[in-house]
Each structure stands twice: as C-alpha cells, then as structure tokens.
Amino acid sequence: MTFNFKLLITPKYNTRMKRTFLIVGLTSVFFASLSAFKPEPKTEPAVNISSATPKIAPMQMSGGELLINKSDCIGCHHKINKLIGPSYTDIAKKYPNNDKNLTYLADKIIKGGAGVWGKIPMTPHPKVSKDDAKLMAKYILSLKK
Ligand code: HEC
C-alpha cells in the first residue's frame, strides 16, 4: 500500500477537517431552524390560494374592465350601485348588446353628455381612443344578466 497514513494525522489536515465539519454542522443547524419556522402543512393550501388570487384576477378581467379600472370612470360609476352616473348593470339592462349600441355608448364615453339618465352630465373623455371606448362599452354590456 502506498497510501500515506501520516497525512491523516498531520495537524494541518486535522484542523482543516475540523473546520469543514464545523461549517457543515452550522449550516445544517441553520437550515433546520429555517424549516422549523415553516407553516404547518395543514395551513399551506389556504395560504397558497389567497396569495394566488391576485395573480389570477387580472387575467380574468376583460380588457374593457381593466381600462375602466384604470380610468376616472370609477369616480362616477359602480358596477351595481348608482353613484353620480348609472351603474354598469343598469346601463347593460337598458341597452341590448349589439353593434349599434356599442358604437353609441363608445361615442358617449368619448364625447360625454347628459339627458339620458338625468340632468347630471357625464364628462367627455377625448383622450380615450375609439377602440378602448368600445372595449369599455363591450364590458359594460356584457354585464347583462
Ligand atoms: C363626472 C362623472 C362621470 C365620469 C368620470 C364618468 N361618467 Fe359615465 N356617466 C356619468 C353620468 C352622469 C351619466 C348619465 C349621462 C346621461 O344621463 O346622459 C353617465 C353615463 C354613462 C354611460 C351610459 C350612457 C348613455 O347614454 O346611456 C356609459 C356607458 C358611461 N357613462 C360610461 C363611462 C365610462 C366608461 C367612463 C370612464 C371612461 C365614465 N362613464 C366616466 C358620469 C360620469
């Protein structure tokens, strides 16, 4: 055998081995303590569902709904309650979902106006493009029950 057993007992090698064991030991203690703080497996599904919901929600929203939520519409309109303007579900009830009404409502969103629901006027939205206004109108009319 040519293996040098002296190497195993040389002081230099020994300290190095000790240090390695110490580091490995400390690391595993660290990870063990980390896993001790993990939530119980029982509660994990509930935590996952609630934290996943916001990620899924934007994907379920239509383009029109997103545009409305980003615009000032929410200051005057609510999905089911009348605010300053009529609720979206009331608008959907009033107008059949067809091309003519889509164009009319998109036009009204851009130009604003009063007299259909009362005396309070809707503010014009000249910065909203025709395509975006149509998407908004499409979303509103899709709320028909
Ligand atoms: C300053 C308040 C206000 C804001 C902001 C506002 N609306 Fe209105 N909206 C109204 C009022 C008031 C009416 C009722 C107008 C009428 O009686 O003709 C109305 C009516 C509507 C109608 C029905 C139109 C009709 O002729 O029946 C739609 C659709 C609509 N709004 C969409 C929107 C959208 C989309 C936005 C955001 C881009 C928006 N509104 C922002 C106040 C507002």
# chains A, B, ... in the order shown; residues from 1 in each chain; ligands from 1

call {"tool": "closest_atom_pairs", "arguments": {"of": "chain A", "to": "ligand 1", "cutoff": "7 Å", "atoms": "only C-alpha atoms and all ligand atoms", "output": "tab-separated table"}}
result
residue	atom	partner	partner_atom_place_in_ligand_line	distance
A:Ile68	CA	ligand 1	37 (C)	5.7
A:Ser71	CA	ligand 1	38 (C)	5.6
A:Asp72	CA	ligand 1	5 (C)	5.0
A:Cys73	CA	ligand 1	37 (C)	3.4
A:Ile74	CA	ligand 1	5 (C)	7.0
A:Gly75	CA	ligand 1	5 (C)	5.6
A:Cys76	CA	ligand 1	2 (C)	4.3
A:His77	CA	ligand 1	7 (N)	6.2
A:Ile84	CA	ligand 1	12 (C)	5.3
A:Gly85	CA	ligand 1	11 (C)	3.7
A:Pro86	CA	ligand 1	13 (C)	6.0
A:Ile91	CA	ligand 1	23 (C)	5.9
A:Leu105	CA	ligand 1	29 (C)	5.0
A:Lys108	CA	ligand 1	24 (C)	5.9
A:Ile109	CA	ligand 1	33 (C)	5.3
A:Gly113	CA	ligand 1	18 (O)	5.3
A:Ala114	CA	ligand 1	18 (O)	3.4
A:Gly115	CA	ligand 1	18 (O)	4.3
A:Val116	CA	ligand 1	18 (O)	3.7
A:Trp117	CA	ligand 1	17 (O)	3.3
A:Gly118	CA	ligand 1	17 (O)	4.4
A:Lys119	CA	ligand 1	17 (O)	6.1
A:Ile120	CA	ligand 1	12 (C)	4.6
A:Pro121	CA	ligand 1	12 (C)	4.6
A:Met122	CA	ligand 1	10 (C)	3.7
A:Thr123	CA	ligand 1	1 (C)	5.0
A:His125	CA	ligand 1	38 (C)	6.2
A:Ala133	CA	ligand 1	35 (C)	6.7
A:Met136	CA	ligand 1	35 (C)	5.4
A:Ala137	CA	ligand 1	29 (C)	5.8
A:Ile140	CA	ligand 1	29 (C)	6.8

call {"tool": "write_last_selection", "arguments": {"atoms": "N, CA and C atoms", "output": "PDB file, in the first residue's frame"}}
result
ATOM      1  N   ILE A  68     -61.463  50.480 -17.662  1.00  0.00           N
ATOM      2  CA  ILE A  68     -62.365  51.234 -16.794  1.00  0.00           C
ATOM      3  C   ILE A  68     -61.737  51.424 -15.415  1.00  0.00           C
ATOM      4  N   SER A  71     -59.200  54.130 -15.499  1.00  0.00           N
ATOM      5  CA  SER A  71     -59.654  55.471 -15.848  1.00  0.00           C
ATOM      6  C   SER A  71     -60.402  56.119 -14.675  1.00  0.00           C
ATOM      7  N   ASP A  72     -60.980  57.300 -14.921  1.00  0.00           N
ATOM      8  CA  ASP A  72     -61.682  58.013 -13.850  1.00  0.00           C
ATOM      9  C   ASP A  72     -63.133  57.555 -13.715  1.00  0.00           C
ATOM     10  N   CYS A  73     -63.557  56.605 -14.536  1.00  0.00           N
ATOM     11  CA  CYS A  73     -64.942  56.116 -14.521  1.00  0.00           C
ATOM     12  C   CYS A  73     -65.381  55.723 -13.111  1.00  0.00           C
ATOM     13  N   ILE A  74     -64.450  55.087 -12.373  1.00  0.00           N
ATOM     14  CA  ILE A  74     -64.806  54.568 -11.051  1.00  0.00           C
ATOM     15  C   ILE A  74     -65.233  55.674 -10.090  1.00  0.00           C
ATOM     16  N   GLY A  75     -64.883  56.931 -10.418  1.00  0.00           N
ATOM     17  CA  GLY A  75     -65.292  58.045  -9.567  1.00  0.00           C
ATOM     18  C   GLY A  75     -66.784  58.318  -9.670  1.00  0.00           C
ATOM     19  N   CYS A  76     -67.402  57.945 -10.773  1.00  0.00           N
ATOM     20  CA  CYS A  76     -68.815  58.243 -11.002  1.00  0.00           C
ATOM     21  C   CYS A  76     -69.663  57.000 -11.219  1.00  0.00           C
ATOM     22  N   HIS A  77     -69.033  55.884 -11.527  1.00  0.00           N
ATOM     23  CA  HIS A  77     -69.797  54.664 -11.823  1.00  0.00           C
ATOM     24  C   HIS A  77     -69.365  53.516 -10.925  1.00  0.00           C
ATOM     25  N   ILE A  84     -72.788  58.908  -9.149  1.00  0.00           N
ATOM     26  CA  ILE A  84     -73.166  60.120  -9.883  1.00  0.00           C
ATOM     27  C   ILE A  84     -73.786  59.696 -11.212  1.00  0.00           C
ATOM     28  N   GLY A  85     -73.197  58.673 -11.800  1.00  0.00           N
ATOM     29  CA  GLY A  85     -73.740  58.108 -13.040  1.00  0.00           C
ATOM     30  C   GLY A  85     -74.447  56.793 -12.743  1.00  0.00           C
ATOM     31  N   PRO A  86     -75.147  56.261 -13.733  1.00  0.00           N
ATOM     32  CA  PRO A  86     -75.839  54.983 -13.538  1.00  0.00           C
ATOM     33  C   PRO A  86     -74.855  53.830 -13.350  1.00  0.00           C
ATOM     34  N   ILE A  91     -76.972  50.164 -17.007  1.00  0.00           N
ATOM     35  CA  ILE A  91     -76.727  50.516 -18.411  1.00  0.00           C
ATOM     36  C   ILE A  91     -76.901  49.264 -19.284  1.00  0.00           C
ATOM     37  N   LEU A 105     -72.561  53.909 -27.271  1.00  0.00           N
ATOM     38  CA  LEU A 105     -72.009  54.079 -25.924  1.00  0.00           C
ATOM     39  C   LEU A 105     -70.535  54.484 -25.975  1.00  0.00           C
ATOM     40  N   LYS A 108     -70.459  58.044 -26.623  1.00  0.00           N
ATOM     41  CA  LYS A 108     -70.857  58.825 -25.446  1.00  0.00           C
ATOM     42  C   LYS A 108     -69.726  58.874 -24.424  1.00  0.00           C
ATOM     43  N   ILE A 109     -68.987  57.774 -24.316  1.00  0.00           N
ATOM     44  CA  ILE A 109     -67.860  57.765 -23.380  1.00  0.00           C
ATOM     45  C   ILE A 109     -66.844  58.832 -23.795  1.00  0.00           C
ATOM     46  N   GLY A 113     -71.952  63.867 -22.086  1.00  0.00           N
ATOM     47  CA  GLY A 113     -73.290  64.369 -22.373  1.00  0.00           C
ATOM     48  C   GLY A 113     -74.250  64.073 -21.245  1.00  0.00           C
ATOM     49  N   ALA A 114     -75.467  64.612 -21.356  1.00  0.00           N
ATOM     50  CA  ALA A 114     -76.476  64.443 -20.312  1.00  0.00           C
ATOM     51  C   ALA A 114     -77.827  64.169 -20.943  1.00  0.00           C
ATOM     52  N   GLY A 115     -78.819  63.909 -20.096  1.00  0.00           N
ATOM     53  CA  GLY A 115     -80.191  63.834 -20.578  1.00  0.00           C
ATOM     54  C   GLY A 115     -80.754  62.438 -20.704  1.00  0.00           C
ATOM     55  N   VAL A 116     -79.913  61.416 -20.699  1.00  0.00           N
ATOM     56  CA  VAL A 116     -80.444  60.059 -20.840  1.00  0.00           C
ATOM     57  C   VAL A 116     -80.863  59.498 -19.478  1.00  0.00           C
ATOM     58  N   TRP A 117     -80.029  59.731 -18.466  1.00  0.00           N
ATOM     59  CA  TRP A 117     -80.303  59.203 -17.122  1.00  0.00           C
ATOM     60  C   TRP A 117     -80.715  60.300 -16.151  1.00  0.00           C
ATOM     61  N   GLY A 118     -80.555  61.528 -16.537  1.00  0.00           N
ATOM     62  CA  GLY A 118     -80.882  62.648 -15.662  1.00  0.00           C
ATOM     63  C   GLY A 118     -80.201  63.901 -16.162  1.00  0.00           C
ATOM     64  N   LYS A 119     -80.170  64.903 -15.273  1.00  0.00           N
ATOM     65  CA  LYS A 119     -79.602  66.184 -15.713  1.00  0.00           C
ATOM     66  C   LYS A 119     -78.089  66.258 -15.533  1.00  0.00           C
ATOM     67  N   ILE A 120     -77.551  65.400 -14.662  1.00  0.00           N
ATOM     68  CA  ILE A 120     -76.101  65.451 -14.425  1.00  0.00           C
ATOM     69  C   ILE A 120     -75.380  64.976 -15.687  1.00  0.00           C
ATOM     70  N   PRO A 121     -74.439  65.788 -16.182  1.00  0.00           N
ATOM     71  CA  PRO A 121     -73.741  65.358 -17.401  1.00  0.00           C
ATOM     72  C   PRO A 121     -72.577  64.414 -17.103  1.00  0.00           C
ATOM     73  N   MET A 122     -72.298  63.568 -18.081  1.00  0.00           N
ATOM     74  CA  MET A 122     -71.073  62.766 -17.997  1.00  0.00           C
ATOM     75  C   MET A 122     -69.961  63.570 -18.663  1.00  0.00           C
ATOM     76  N   THR A 123     -68.791  63.569 -18.012  1.00  0.00           N
ATOM     77  CA  THR A 123     -67.668  64.333 -18.569  1.00  0.00           C
ATOM     78  C   THR A 123     -67.153  63.652 -19.833  1.00  0.00           C
ATOM     79  N   HIS A 125     -64.381  62.219 -22.552  1.00  0.00           N
ATOM     80  CA  HIS A 125     -63.063  61.594 -22.410  1.00  0.00           C
ATOM     81  C   HIS A 125     -62.349  61.598 -23.747  1.00  0.00           C
ATOM     82  N   ALA A 133     -62.738  52.803 -26.005  1.00  0.00           N
ATOM     83  CA  ALA A 133     -64.101  53.120 -25.588  1.00  0.00           C
ATOM     84  C   ALA A 133     -65.038  51.960 -25.942  1.00  0.00           C
ATOM     85  N   MET A 136     -64.594  49.215 -23.442  1.00  0.00           N
ATOM     86  CA  MET A 136     -65.284  49.558 -22.193  1.00  0.00           C
ATOM     87  C   MET A 136     -66.782  49.302 -22.336  1.00  0.00           C
ATOM     88  N   ALA A 137     -67.348  49.771 -23.461  1.00  0.00           N
ATOM     89  CA  ALA A 137     -68.782  49.582 -23.691  1.00  0.00           C
ATOM     90  C   ALA A 137     -69.111  48.089 -23.782  1.00  0.00           C
ATOM     91  N   ILE A 140     -69.263  46.707 -20.333  1.00  0.00           N
ATOM     92  CA  ILE A 140     -70.476  47.150 -19.626  1.00  0.00           C
ATOM     93  C   ILE A 140     -71.691  46.347 -20.105  1.00  0.00           C
TER      94      ILE A 140
END

call {"tool": "closest_residue", "arguments": {"among": "A:Lys111, A:Leu135, A:His78, A:Ser142", "to": "Leu66 in chain A", "atoms": "only C-alpha atoms"}}
result
A:Leu135

call {"tool": "atom_distance", "arguments": {"atom1": "CA of Asp132 in chain A", "atom2": "CA of Tyr95 in chain A"}}
result
18.9 Å

call {"tool": "decode", "arguments": {"residues": "range 44-143 of chain A", "atoms": "C-alpha atoms", "output": "PDB file, in the first residue's frame"}}
result
ATOM      1  CA  GLU A  44     -50.392  25.685   3.465  1.00  0.00           C
ATOM      2  CA  PRO A  45     -53.193  25.205   0.917  1.00  0.00           C
ATOM      3  CA  ALA A  46     -55.176  28.113   2.402  1.00  0.00           C
ATOM      4  CA  VAL A  47     -52.136  30.379   2.259  1.00  0.00           C
ATOM      5  CA  ASN A  48     -51.446  29.372  -1.329  1.00  0.00           C
ATOM      6  CA  ILE A  49     -54.985  30.051  -2.504  1.00  0.00           C
ATOM      7  CA  SER A  50     -55.186  33.542  -1.015  1.00  0.00           C
ATOM      8  CA  SER A  51     -51.770  34.558  -2.280  1.00  0.00           C
ATOM      9  CA  ALA A  52     -52.521  33.181  -5.752  1.00  0.00           C
ATOM     10  CA  THR A  53     -55.825  35.026  -6.165  1.00  0.00           C
ATOM     11  CA  PRO A  54     -54.421  38.485  -7.013  1.00  0.00           C
ATOM     12  CA  LYS A  55     -52.225  36.891  -9.665  1.00  0.00           C
ATOM     13  CA  ILE A  56     -55.204  35.206 -11.307  1.00  0.00           C
ATOM     14  CA  ALA A  57     -57.643  38.136 -11.040  1.00  0.00           C
ATOM     15  CA  PRO A  58     -56.114  40.397 -13.733  1.00  0.00           C
ATOM     16  CA  MET A  59     -56.208  37.518 -16.188  1.00  0.00           C
ATOM     17  CA  GLN A  60     -59.925  37.026 -15.553  1.00  0.00           C
ATOM     18  CA  MET A  61     -60.649  40.710 -16.202  1.00  0.00           C
ATOM     19  CA  SER A  62     -61.570  41.665 -19.742  1.00  0.00           C
ATOM     20  CA  GLY A  63     -59.655  44.443 -21.492  1.00  0.00           C
ATOM     21  CA  GLY A  64     -62.614  46.784 -21.055  1.00  0.00           C
ATOM     22  CA  GLU A  65     -62.828  46.173 -17.315  1.00  0.00           C
ATOM     23  CA  LEU A  66     -59.104  46.870 -16.936  1.00  0.00           C
ATOM     24  CA  LEU A  67     -59.425  50.113 -18.923  1.00  0.00           C
ATOM     25  CA  ILE A  68     -62.365  51.234 -16.794  1.00  0.00           C
ATOM     26  CA  ASN A  69     -60.492  50.457 -13.582  1.00  0.00           C
ATOM     27  CA  LYS A  70     -57.531  52.489 -14.791  1.00  0.00           C
ATOM     28  CA  SER A  71     -59.654  55.471 -15.848  1.00  0.00           C
ATOM     29  CA  ASP A  72     -61.682  58.013 -13.850  1.00  0.00           C
ATOM     30  CA  CYS A  73     -64.942  56.116 -14.521  1.00  0.00           C
ATOM     31  CA  ILE A  74     -64.806  54.568 -11.051  1.00  0.00           C
ATOM     32  CA  GLY A  75     -65.292  58.045  -9.567  1.00  0.00           C
ATOM     33  CA  CYS A  76     -68.815  58.243 -11.002  1.00  0.00           C
ATOM     34  CA  HIS A  77     -69.797  54.664 -11.823  1.00  0.00           C
ATOM     35  CA  HIS A  78     -70.055  51.463  -9.838  1.00  0.00           C
ATOM     36  CA  LYS A  79     -70.762  48.001 -11.161  1.00  0.00           C
ATOM     37  CA  ILE A  80     -74.059  47.555  -9.302  1.00  0.00           C
ATOM     38  CA  ASN A  81     -74.747  50.799  -7.411  1.00  0.00           C
ATOM     39  CA  LYS A  82     -75.818  54.157  -8.806  1.00  0.00           C
ATOM     40  CA  LEU A  83     -73.284  56.842  -7.937  1.00  0.00           C
ATOM     41  CA  ILE A  84     -73.166  60.120  -9.883  1.00  0.00           C
ATOM     42  CA  GLY A  85     -73.740  58.108 -13.040  1.00  0.00           C
ATOM     43  CA  PRO A  86     -75.839  54.983 -13.538  1.00  0.00           C
ATOM     44  CA  SER A  87     -74.449  51.585 -12.520  1.00  0.00           C
ATOM     45  CA  TYR A  88     -72.949  49.433 -15.277  1.00  0.00           C
ATOM     46  CA  THR A  89     -75.555  46.743 -14.718  1.00  0.00           C
ATOM     47  CA  ASP A  90     -78.340  49.346 -15.168  1.00  0.00           C
ATOM     48  CA  ILE A  91     -76.727  50.516 -18.411  1.00  0.00           C
ATOM     49  CA  ALA A  92     -76.461  46.889 -19.552  1.00  0.00           C
ATOM     50  CA  LYS A  93     -80.152  46.376 -18.733  1.00  0.00           C
ATOM     51  CA  LYS A  94     -81.155  49.427 -20.798  1.00  0.00           C
ATOM     52  CA  TYR A  95     -79.239  48.614 -23.986  1.00  0.00           C
ATOM     53  CA  PRO A  96     -79.355  45.349 -25.948  1.00  0.00           C
ATOM     54  CA  ASN A  97     -75.839  44.054 -26.655  1.00  0.00           C
ATOM     55  CA  ASN A  98     -75.452  44.893 -30.342  1.00  0.00           C
ATOM     56  CA  ASP A  99     -73.082  46.812 -32.624  1.00  0.00           C
ATOM     57  CA  LYS A 100     -75.270  49.894 -32.820  1.00  0.00           C
ATOM     58  CA  ASN A 101     -75.377  50.326 -29.045  1.00  0.00           C
ATOM     59  CA  LEU A 102     -71.664  49.544 -28.721  1.00  0.00           C
ATOM     60  CA  THR A 103     -70.886  52.383 -31.113  1.00  0.00           C
ATOM     61  CA  TYR A 104     -73.377  54.718 -29.412  1.00  0.00           C
ATOM     62  CA  LEU A 105     -72.009  54.079 -25.924  1.00  0.00           C
ATOM     63  CA  ALA A 106     -68.373  54.274 -27.073  1.00  0.00           C
ATOM     64  CA  ASP A 107     -69.214  57.628 -28.642  1.00  0.00           C
ATOM     65  CA  LYS A 108     -70.857  58.825 -25.446  1.00  0.00           C
ATOM     66  CA  ILE A 109     -67.860  57.765 -23.380  1.00  0.00           C
ATOM     67  CA  ILE A 110     -65.617  59.931 -25.576  1.00  0.00           C
ATOM     68  CA  LYS A 111     -67.971  62.895 -26.025  1.00  0.00           C
ATOM     69  CA  GLY A 112     -69.854  62.811 -22.703  1.00  0.00           C
ATOM     70  CA  GLY A 113     -73.290  64.369 -22.373  1.00  0.00           C
ATOM     71  CA  ALA A 114     -76.476  64.443 -20.312  1.00  0.00           C
ATOM     72  CA  GLY A 115     -80.191  63.834 -20.578  1.00  0.00           C
ATOM     73  CA  VAL A 116     -80.444  60.059 -20.840  1.00  0.00           C
ATOM     74  CA  TRP A 117     -80.303  59.203 -17.122  1.00  0.00           C
ATOM     75  CA  GLY A 118     -80.882  62.648 -15.662  1.00  0.00           C
ATOM     76  CA  LYS A 119     -79.602  66.184 -15.713  1.00  0.00           C
ATOM     77  CA  ILE A 120     -76.101  65.451 -14.425  1.00  0.00           C
ATOM     78  CA  PRO A 121     -73.741  65.358 -17.401  1.00  0.00           C
ATOM     79  CA  MET A 122     -71.073  62.766 -17.997  1.00  0.00           C
ATOM     80  CA  THR A 123     -67.668  64.333 -18.569  1.00  0.00           C
ATOM     81  CA  PRO A 124     -66.137  63.812 -22.029  1.00  0.00           C
ATOM     82  CA  HIS A 125     -63.063  61.594 -22.410  1.00  0.00           C
ATOM     83  CA  PRO A 126     -61.266  62.892 -25.503  1.00  0.00           C
ATOM     84  CA  LYS A 127     -58.084  61.007 -24.580  1.00  0.00           C
ATOM     85  CA  VAL A 128     -59.832  57.619 -24.719  1.00  0.00           C
ATOM     86  CA  SER A 129     -59.396  56.038 -28.152  1.00  0.00           C
ATOM     87  CA  LYS A 130     -62.398  54.730 -30.063  1.00  0.00           C
ATOM     88  CA  ASP A 131     -61.131  51.144 -29.720  1.00  0.00           C
ATOM     89  CA  ASP A 132     -60.670  51.499 -25.961  1.00  0.00           C
ATOM     90  CA  ALA A 133     -64.101  53.120 -25.588  1.00  0.00           C
ATOM     91  CA  LYS A 134     -65.624  50.210 -27.493  1.00  0.00           C
ATOM     92  CA  LEU A 135     -63.867  47.717 -25.207  1.00  0.00           C
ATOM     93  CA  MET A 136     -65.284  49.558 -22.193  1.00  0.00           C
ATOM     94  CA  ALA A 137     -68.782  49.582 -23.691  1.00  0.00           C
ATOM     95  CA  LYS A 138     -68.420  45.887 -24.543  1.00  0.00           C
ATOM     96  CA  TYR A 139     -67.542  45.079 -20.943  1.00  0.00           C
ATOM     97  CA  ILE A 140     -70.476  47.150 -19.626  1.00  0.00           C
ATOM     98  CA  LEU A 141     -72.968  45.472 -21.955  1.00  0.00           C
ATOM     99  CA  SER A 142     -71.531  42.061 -21.039  1.00  0.00           C
ATOM    100  CA  LEU A 143     -72.873  42.581 -17.501  1.00  0.00           C
TER     101      LEU A 143
END
